[in-house]
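Asks: Pasting coords-v8.cif here (mmCIF, N, CA and C atoms and all ligand atoms):
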data_start
#
loop_
_atom_site.label_atom_id
_atom_site.label_comp_id
_atom_site.auth_asym_id
_atom_site.auth_seq_id
_atom_site.Cartn_x
_atom_site.Cartn_y
_atom_site.Cartn_z
N MET A 18 115.72 67.92 68.58
CA MET A 18 116.65 67.54 69.63
C MET A 18 116.09 67.95 70.98
N ARG A 19 116.50 67.22 72.00
CA ARG A 19 116.00 67.55 73.33
C ARG A 19 117.03 68.38 74.07
N VAL A 20 116.54 69.37 74.72
CA VAL A 20 117.44 70.27 75.43
C VAL A 20 116.93 70.45 76.85
N LYS A 21 117.85 70.72 77.72
CA LYS A 21 117.47 70.91 79.12
C LYS A 21 117.81 72.32 79.55
N CYS A 22 116.85 72.96 80.13
CA CYS A 22 117.08 74.31 80.61
C CYS A 22 118.04 74.27 81.79
N VAL A 23 119.03 75.12 81.76
CA VAL A 23 120.03 75.09 82.83
C VAL A 23 119.50 75.63 84.14
N ILE A 24 118.45 76.39 84.08
CA ILE A 24 117.96 77.01 85.31
C ILE A 24 116.93 76.13 86.00
N CYS A 25 115.92 75.71 85.27
CA CYS A 25 114.85 74.98 85.94
C CYS A 25 114.85 73.49 85.58
N ASP A 26 115.83 73.05 84.77
CA ASP A 26 115.96 71.64 84.40
C ASP A 26 114.79 71.10 83.59
N LYS A 27 114.02 71.98 83.05
CA LYS A 27 112.92 71.54 82.22
C LYS A 27 113.46 71.02 80.89
N ILE A 28 112.95 69.86 80.49
CA ILE A 28 113.36 69.32 79.20
C ILE A 28 112.40 69.81 78.13
N GLU A 29 112.96 70.35 77.10
CA GLU A 29 112.13 70.78 75.99
C GLU A 29 112.69 70.17 74.73
N SER A 30 111.86 70.05 73.73
CA SER A 30 112.42 69.63 72.46
C SER A 30 112.32 70.78 71.48
N ILE A 31 113.39 70.96 70.74
CA ILE A 31 113.41 72.03 69.77
C ILE A 31 113.67 71.44 68.39
N GLU A 32 113.29 72.18 67.41
CA GLU A 32 113.50 71.75 66.03
C GLU A 32 114.98 71.55 65.77
N ASP A 33 115.31 70.40 65.17
CA ASP A 33 116.71 70.13 64.86
C ASP A 33 117.33 71.20 63.98
N GLU A 34 116.49 71.76 63.13
CA GLU A 34 117.02 72.74 62.18
C GLU A 34 116.90 74.17 62.68
N SER A 35 116.41 74.32 63.89
CA SER A 35 116.24 75.68 64.37
C SER A 35 117.59 76.31 64.68
N PHE A 36 117.57 77.60 64.73
CA PHE A 36 118.79 78.35 65.03
C PHE A 36 119.37 77.92 66.37
N GLU A 37 118.48 77.75 67.33
CA GLU A 37 118.91 77.37 68.67
C GLU A 37 119.62 76.02 68.67
N ALA A 38 119.07 75.08 67.94
CA ALA A 38 119.67 73.75 67.89
C ALA A 38 121.05 73.79 67.25
N LYS A 39 121.16 74.56 66.21
CA LYS A 39 122.46 74.67 65.55
C LYS A 39 123.48 75.32 66.45
N ARG A 40 123.04 76.30 67.14
CA ARG A 40 123.92 77.01 68.05
C ARG A 40 124.42 76.07 69.15
N LEU A 41 123.50 75.27 69.66
CA LEU A 41 123.87 74.36 70.74
C LEU A 41 124.79 73.25 70.24
N ARG A 42 124.58 72.82 69.00
CA ARG A 42 125.43 71.77 68.45
C ARG A 42 126.83 72.28 68.17
N ASN A 43 126.88 73.48 67.64
CA ASN A 43 128.18 74.03 67.33
C ASN A 43 128.99 74.35 68.57
N ARG A 44 128.29 74.82 69.55
CA ARG A 44 128.97 75.20 70.78
C ARG A 44 128.26 74.57 71.96
N PRO A 45 128.63 73.32 72.27
CA PRO A 45 127.93 72.62 73.34
C PRO A 45 128.01 73.35 74.68
N ILE A 46 128.99 74.22 74.78
CA ILE A 46 129.13 74.95 76.04
C ILE A 46 127.98 75.94 76.22
N HIS A 47 127.38 76.25 75.09
CA HIS A 47 126.21 77.12 75.15
C HIS A 47 125.10 76.41 75.87
N THR A 48 124.53 77.05 76.82
CA THR A 48 123.49 76.40 77.59
C THR A 48 122.12 76.86 77.11
N TYR A 49 121.17 75.99 77.32
CA TYR A 49 119.83 76.29 76.85
C TYR A 49 119.00 76.89 77.97
N LEU A 50 118.25 77.88 77.63
CA LEU A 50 117.29 78.44 78.57
C LEU A 50 115.90 78.30 77.97
N CYS A 51 114.97 77.81 78.78
CA CYS A 51 113.61 77.71 78.27
C CYS A 51 113.02 79.12 78.17
N ASN A 52 111.90 79.22 77.54
CA ASN A 52 111.30 80.53 77.34
C ASN A 52 111.01 81.25 78.66
N ASP A 53 110.51 80.47 79.62
CA ASP A 53 110.20 81.07 80.91
C ASP A 53 111.42 81.73 81.52
N CYS A 54 112.50 80.96 81.53
CA CYS A 54 113.70 81.47 82.18
C CYS A 54 114.33 82.60 81.40
N SER A 55 114.30 82.47 80.09
CA SER A 55 114.94 83.54 79.34
C SER A 55 114.15 84.83 79.44
N SER A 56 112.82 84.71 79.54
CA SER A 56 112.07 85.95 79.69
C SER A 56 112.26 86.52 81.09
N ARG A 57 112.42 85.61 82.08
CA ARG A 57 112.68 86.08 83.43
C ARG A 57 114.01 86.84 83.45
N ILE A 58 114.98 86.28 82.75
CA ILE A 58 116.29 86.92 82.74
C ILE A 58 116.25 88.24 82.02
N SER A 59 115.50 88.29 80.93
CA SER A 59 115.48 89.57 80.23
C SER A 59 114.74 90.62 81.05
N GLU A 60 113.80 90.18 81.88
CA GLU A 60 113.15 91.13 82.77
C GLU A 60 114.15 91.68 83.78
N LYS A 61 114.96 90.77 84.30
CA LYS A 61 115.99 91.19 85.26
C LYS A 61 116.95 92.17 84.60
N THR A 62 117.30 91.84 83.38
CA THR A 62 118.22 92.71 82.66
C THR A 62 117.61 94.09 82.48
N LYS A 63 116.33 94.08 82.14
CA LYS A 63 115.65 95.35 81.97
C LYS A 63 115.62 96.13 83.28
N ALA A 64 115.37 95.41 84.37
CA ALA A 64 115.34 96.06 85.67
C ALA A 64 116.68 96.70 85.98
N ARG A 65 117.75 96.00 85.60
CA ARG A 65 119.07 96.54 85.85
C ARG A 65 119.32 97.79 85.01
N ILE A 66 118.77 97.76 83.82
CA ILE A 66 118.90 98.94 82.97
C ILE A 66 118.22 100.13 83.65
N ASP A 67 117.06 99.84 84.24
CA ASP A 67 116.32 100.91 84.91
C ASP A 67 117.09 101.50 86.08
N THR A 68 117.85 100.66 86.77
CA THR A 68 118.58 101.18 87.93
C THR A 68 119.83 101.93 87.50
N GLY A 69 120.14 101.86 86.24
CA GLY A 69 121.25 102.66 85.73
C GLY A 69 122.60 101.98 85.81
N ASN A 70 122.61 100.69 86.18
CA ASN A 70 123.88 99.99 86.20
C ASN A 70 124.41 99.68 84.81
N PHE A 71 123.50 99.69 83.89
CA PHE A 71 123.91 99.51 82.51
C PHE A 71 124.04 100.88 81.87
N ARG A 72 125.05 101.03 81.10
CA ARG A 72 125.19 102.32 80.43
C ARG A 72 124.94 102.18 78.95
N PHE A 73 124.06 102.96 78.49
CA PHE A 73 123.78 102.97 77.07
C PHE A 73 124.12 104.31 76.49
N TYR A 74 124.52 104.26 75.28
CA TYR A 74 124.74 105.53 74.61
C TYR A 74 123.40 106.10 74.24
N ARG A 75 123.10 107.19 74.80
CA ARG A 75 121.87 107.86 74.40
C ARG A 75 122.07 108.35 72.98
N THR A 76 121.07 108.10 72.19
CA THR A 76 121.25 108.54 70.80
C THR A 76 121.24 110.05 70.73
N GLN A 77 122.28 110.54 70.16
CA GLN A 77 122.42 111.99 70.02
C GLN A 77 121.29 112.55 69.17
N SER A 78 120.88 111.75 68.20
CA SER A 78 119.87 112.25 67.28
C SER A 78 118.55 112.54 67.99
N GLU A 79 118.36 111.83 69.13
CA GLU A 79 117.15 112.06 69.89
C GLU A 79 117.03 113.53 70.26
N LYS A 80 118.13 114.05 70.74
CA LYS A 80 118.18 115.46 71.13
C LYS A 80 117.96 116.36 69.92
N ASP A 81 118.63 116.00 68.85
CA ASP A 81 118.59 116.83 67.66
C ASP A 81 117.18 116.97 67.11
N GLU A 82 116.45 115.86 67.26
CA GLU A 82 115.10 115.90 66.71
C GLU A 82 114.21 116.92 67.42
N TRP A 83 114.52 117.16 68.67
CA TRP A 83 113.71 118.11 69.41
C TRP A 83 114.21 119.50 69.14
ZN ZN A 101 113.90 77.18 82.53
#
Please lay out the structure from this file as structure tokens.

Replies:
Amino acid sequence: MRVKCVICDKIESIEDESFEAKRLRNRPIHTYLCNDCSSRISEKTKARIDTGNFRFYRTQSEKDEW
């Protein structure tokens, strides 16, 4: 199936049977992101994690191990 990236409008084709295709068919509201854009977004997300706007539970076991 052909999908269009919502960010850069790039048309890509994905396997009809792929997880992504099924996801998009089941929930058309789900938008497709090409690899470039999704990696860009995950970089941004990581950057936000670095600035501390995201809160993660620090694993307690980390401390215990030391
Ligand atoms: Zn894109």

Asks: Might you pull out every residue within 5 Å of stretch 42-56 of chain A, with only N, CA and C atoms counted and same-chain residues fewer than 5 positions away left off, and present them as a PDB file with N, CA and C atoms, in the coordinates of the input?

Replies:
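To be explicit, this is the file written out as selection.pdb:
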ATOM      1  N   LYS A  21     117.850  70.720  77.720  1.00  0.00           N
ATOM      2  CA  LYS A  21     117.470  70.910  79.120  1.00  0.00           C
ATOM      3  C   LYS A  21     117.810  72.320  79.550  1.00  0.00           C
ATOM      4  N   CYS A  22     116.850  72.960  80.130  1.00  0.00           N
ATOM      5  CA  CYS A  22     117.080  74.310  80.610  1.00  0.00           C
ATOM      6  C   CYS A  22     118.040  74.270  81.790  1.00  0.00           C
ATOM      7  N   VAL A  23     119.030  75.120  81.760  1.00  0.00           N
ATOM      8  CA  VAL A  23     120.030  75.090  82.830  1.00  0.00           C
ATOM      9  C   VAL A  23     119.500  75.630  84.140  1.00  0.00           C
TER      10      VAL A  23
END

Asks: Measure the distance from atom CA of A:Ser59 to atom CA of A:Ile24 in Å and round it to one decimal.

Replies: 13.8 Å

Asks: Tell me which protein, DNA and RNA residues are within 5 Å of A:Met18, counting all atoms listed in the file, leaving out same-chain ones fewer than 4 positions away, and put them as a PDB file with N, CA and C atoms, in the coordinates of the input.

Replies:
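Output (selection_28.pdb):
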ATOM      1  N   SER A  30     111.860  70.050  73.730  1.00  0.00           N
ATOM      2  CA  SER A  30     112.420  69.630  72.460  1.00  0.00           C
ATOM      3  C   SER A  30     112.320  70.780  71.480  1.00  0.00           C
ATOM      4  N   ILE A  31     113.390  70.960  70.740  1.00  0.00           N
ATOM      5  CA  ILE A  31     113.410  72.030  69.770  1.00  0.00           C
ATOM      6  C   ILE A  31     113.670  71.440  68.390  1.00  0.00           C
ATOM      7  N   GLU A  32     113.290  72.180  67.410  1.00  0.00           N
ATOM      8  CA  GLU A  32     113.500  71.750  66.030  1.00  0.00           C
ATOM      9  C   GLU A  32     114.980  71.550  65.770  1.00  0.00           C
ATOM     10  N   ASP A  33     115.310  70.400  65.170  1.00  0.00           N
ATOM     11  CA  ASP A  33     116.710  70.130  64.860  1.00  0.00           C
ATOM     12  C   ASP A  33     117.330  71.200  63.980  1.00  0.00           C
TER      13      ASP A  33
END

Asks: Would you fill the gaps in stretch 50-71 of chain A so it has N, CA, C and O atoms, then print it as a PDB file, keeping the file's coordinate frame?

Replies:
ATOM      1  N   LEU A  50     118.250  77.880  77.630  1.00  0.00           N
ATOM      2  CA  LEU A  50     117.290  78.440  78.570  1.00  0.00           C
ATOM      3  C   LEU A  50     115.900  78.300  77.970  1.00  0.00           C
ATOM      4  O   LEU A  50     115.696  78.627  76.808  1.00  0.00           O
ATOM      5  N   CYS A  51     114.970  77.810  78.780  1.00  0.00           N
ATOM      6  CA  CYS A  51     113.610  77.710  78.270  1.00  0.00           C
ATOM      7  C   CYS A  51     113.020  79.120  78.170  1.00  0.00           C
ATOM      8  O   CYS A  51     113.586  80.086  78.686  1.00  0.00           O
ATOM      9  N   ASN A  52     111.900  79.220  77.540  1.00  0.00           N
ATOM     10  CA  ASN A  52     111.300  80.530  77.340  1.00  0.00           C
ATOM     11  C   ASN A  52     111.010  81.250  78.660  1.00  0.00           C
ATOM     12  O   ASN A  52     111.223  82.440  78.782  1.00  0.00           O
ATOM     13  N   ASP A  53     110.510  80.470  79.620  1.00  0.00           N
ATOM     14  CA  ASP A  53     110.200  81.070  80.910  1.00  0.00           C
ATOM     15  C   ASP A  53     111.420  81.730  81.520  1.00  0.00           C
ATOM     16  O   ASP A  53     111.381  82.875  81.953  1.00  0.00           O
ATOM     17  N   CYS A  54     112.500  80.960  81.530  1.00  0.00           N
ATOM     18  CA  CYS A  54     113.700  81.470  82.180  1.00  0.00           C
ATOM     19  C   CYS A  54     114.330  82.600  81.400  1.00  0.00           C
ATOM     20  O   CYS A  54     114.790  83.566  81.970  1.00  0.00           O
ATOM     21  N   SER A  55     114.300  82.470  80.090  1.00  0.00           N
ATOM     22  CA  SER A  55     114.940  83.540  79.340  1.00  0.00           C
ATOM     23  C   SER A  55     114.150  84.830  79.440  1.00  0.00           C
ATOM     24  O   SER A  55     114.717  85.911  79.473  1.00  0.00           O
ATOM     25  N   SER A  56     112.820  84.710  79.540  1.00  0.00           N
ATOM     26  CA  SER A  56     112.070  85.950  79.690  1.00  0.00           C
ATOM     27  C   SER A  56     112.260  86.520  81.090  1.00  0.00           C
ATOM     28  O   SER A  56     112.304  87.722  81.280  1.00  0.00           O
ATOM     29  N   ARG A  57     112.420  85.610  82.080  1.00  0.00           N
ATOM     30  CA  ARG A  57     112.680  86.080  83.430  1.00  0.00           C
ATOM     31  C   ARG A  57     114.010  86.840  83.450  1.00  0.00           C
ATOM     32  O   ARG A  57     114.148  87.866  84.093  1.00  0.00           O
ATOM     33  N   ILE A  58     114.980  86.280  82.750  1.00  0.00           N
ATOM     34  CA  ILE A  58     116.290  86.920  82.740  1.00  0.00           C
ATOM     35  C   ILE A  58     116.250  88.240  82.020  1.00  0.00           C
ATOM     36  O   ILE A  58     116.846  89.214  82.460  1.00  0.00           O
ATOM     37  N   SER A  59     115.500  88.290  80.930  1.00  0.00           N
ATOM     38  CA  SER A  59     115.480  89.570  80.230  1.00  0.00           C
ATOM     39  C   SER A  59     114.740  90.620  81.050  1.00  0.00           C
ATOM     40  O   SER A  59     115.041  91.797  80.971  1.00  0.00           O
ATOM     41  N   GLU A  60     113.800  90.180  81.880  1.00  0.00           N
ATOM     42  CA  GLU A  60     113.150  91.130  82.770  1.00  0.00           C
ATOM     43  C   GLU A  60     114.150  91.680  83.780  1.00  0.00           C
ATOM     44  O   GLU A  60     114.182  92.860  84.070  1.00  0.00           O
ATOM     45  N   LYS A  61     114.960  90.770  84.300  1.00  0.00           N
ATOM     46  CA  LYS A  61     115.990  91.190  85.260  1.00  0.00           C
ATOM     47  C   LYS A  61     116.950  92.170  84.600  1.00  0.00           C
ATOM     48  O   LYS A  61     117.359  93.130  85.204  1.00  0.00           O
ATOM     49  N   THR A  62     117.300  91.840  83.380  1.00  0.00           N
ATOM     50  CA  THR A  62     118.220  92.710  82.660  1.00  0.00           C
ATOM     51  C   THR A  62     117.610  94.090  82.480  1.00  0.00           C
ATOM     52  O   THR A  62     118.261  95.097  82.674  1.00  0.00           O
ATOM     53  N   LYS A  63     116.330  94.080  82.140  1.00  0.00           N
ATOM     54  CA  LYS A  63     115.650  95.350  81.970  1.00  0.00           C
ATOM     55  C   LYS A  63     115.620  96.130  83.280  1.00  0.00           C
ATOM     56  O   LYS A  63     115.829  97.327  83.308  1.00  0.00           O
ATOM     57  N   ALA A  64     115.370  95.410  84.370  1.00  0.00           N
ATOM     58  CA  ALA A  64     115.340  96.060  85.670  1.00  0.00           C
ATOM     59  C   ALA A  64     116.680  96.700  85.980  1.00  0.00           C
ATOM     60  O   ALA A  64     116.753  97.783  86.557  1.00  0.00           O
ATOM     61  N   ARG A  65     117.750  96.000  85.600  1.00  0.00           N
ATOM     62  CA  ARG A  65     119.070  96.540  85.850  1.00  0.00           C
ATOM     63  C   ARG A  65     119.320  97.790  85.010  1.00  0.00           C
ATOM     64  O   ARG A  65     119.950  98.711  85.463  1.00  0.00           O
ATOM     65  N   ILE A  66     118.770  97.760  83.820  1.00  0.00           N
ATOM     66  CA  ILE A  66     118.900  98.940  82.970  1.00  0.00           C
ATOM     67  C   ILE A  66     118.220 100.130  83.650  1.00  0.00           C
ATOM     68  O   ILE A  66     118.743 101.218  83.701  1.00  0.00           O
ATOM     69  N   ASP A  67     117.060  99.840  84.240  1.00  0.00           N
ATOM     70  CA  ASP A  67     116.320 100.910  84.910  1.00  0.00           C
ATOM     71  C   ASP A  67     117.090 101.500  86.080  1.00  0.00           C
ATOM     72  O   ASP A  67     116.979 102.680  86.355  1.00  0.00           O
ATOM     73  N   THR A  68     117.850 100.660  86.770  1.00  0.00           N
ATOM     74  CA  THR A  68     118.580 101.180  87.930  1.00  0.00           C
ATOM     75  C   THR A  68     119.830 101.930  87.500  1.00  0.00           C
ATOM     76  O   THR A  68     120.515 102.519  88.307  1.00  0.00           O
ATOM     77  N   GLY A  69     120.140 101.860  86.240  1.00  0.00           N
ATOM     78  CA  GLY A  69     121.250 102.660  85.730  1.00  0.00           C
ATOM     79  C   GLY A  69     122.600 101.980  85.810  1.00  0.00           C
ATOM     80  O   GLY A  69     123.621 102.595  85.571  1.00  0.00           O
ATOM     81  N   ASN A  70     122.610 100.690  86.180  1.00  0.00           N
ATOM     82  CA  ASN A  70     123.880  99.990  86.200  1.00  0.00           C
ATOM     83  C   ASN A  70     124.410  99.680  84.810  1.00  0.00           C
ATOM     84  O   ASN A  70     125.586  99.412  84.645  1.00  0.00           O
ATOM     85  N   PHE A  71     123.500  99.690  83.890  1.00  0.00           N
ATOM     86  CA  PHE A  71     123.910  99.510  82.510  1.00  0.00           C
ATOM     87  C   PHE A  71     124.040 100.880  81.870  1.00  0.00           C
ATOM     88  O   PHE A  71     123.202 101.747  82.078  1.00  0.00           O
TER      89      PHE A  71
END
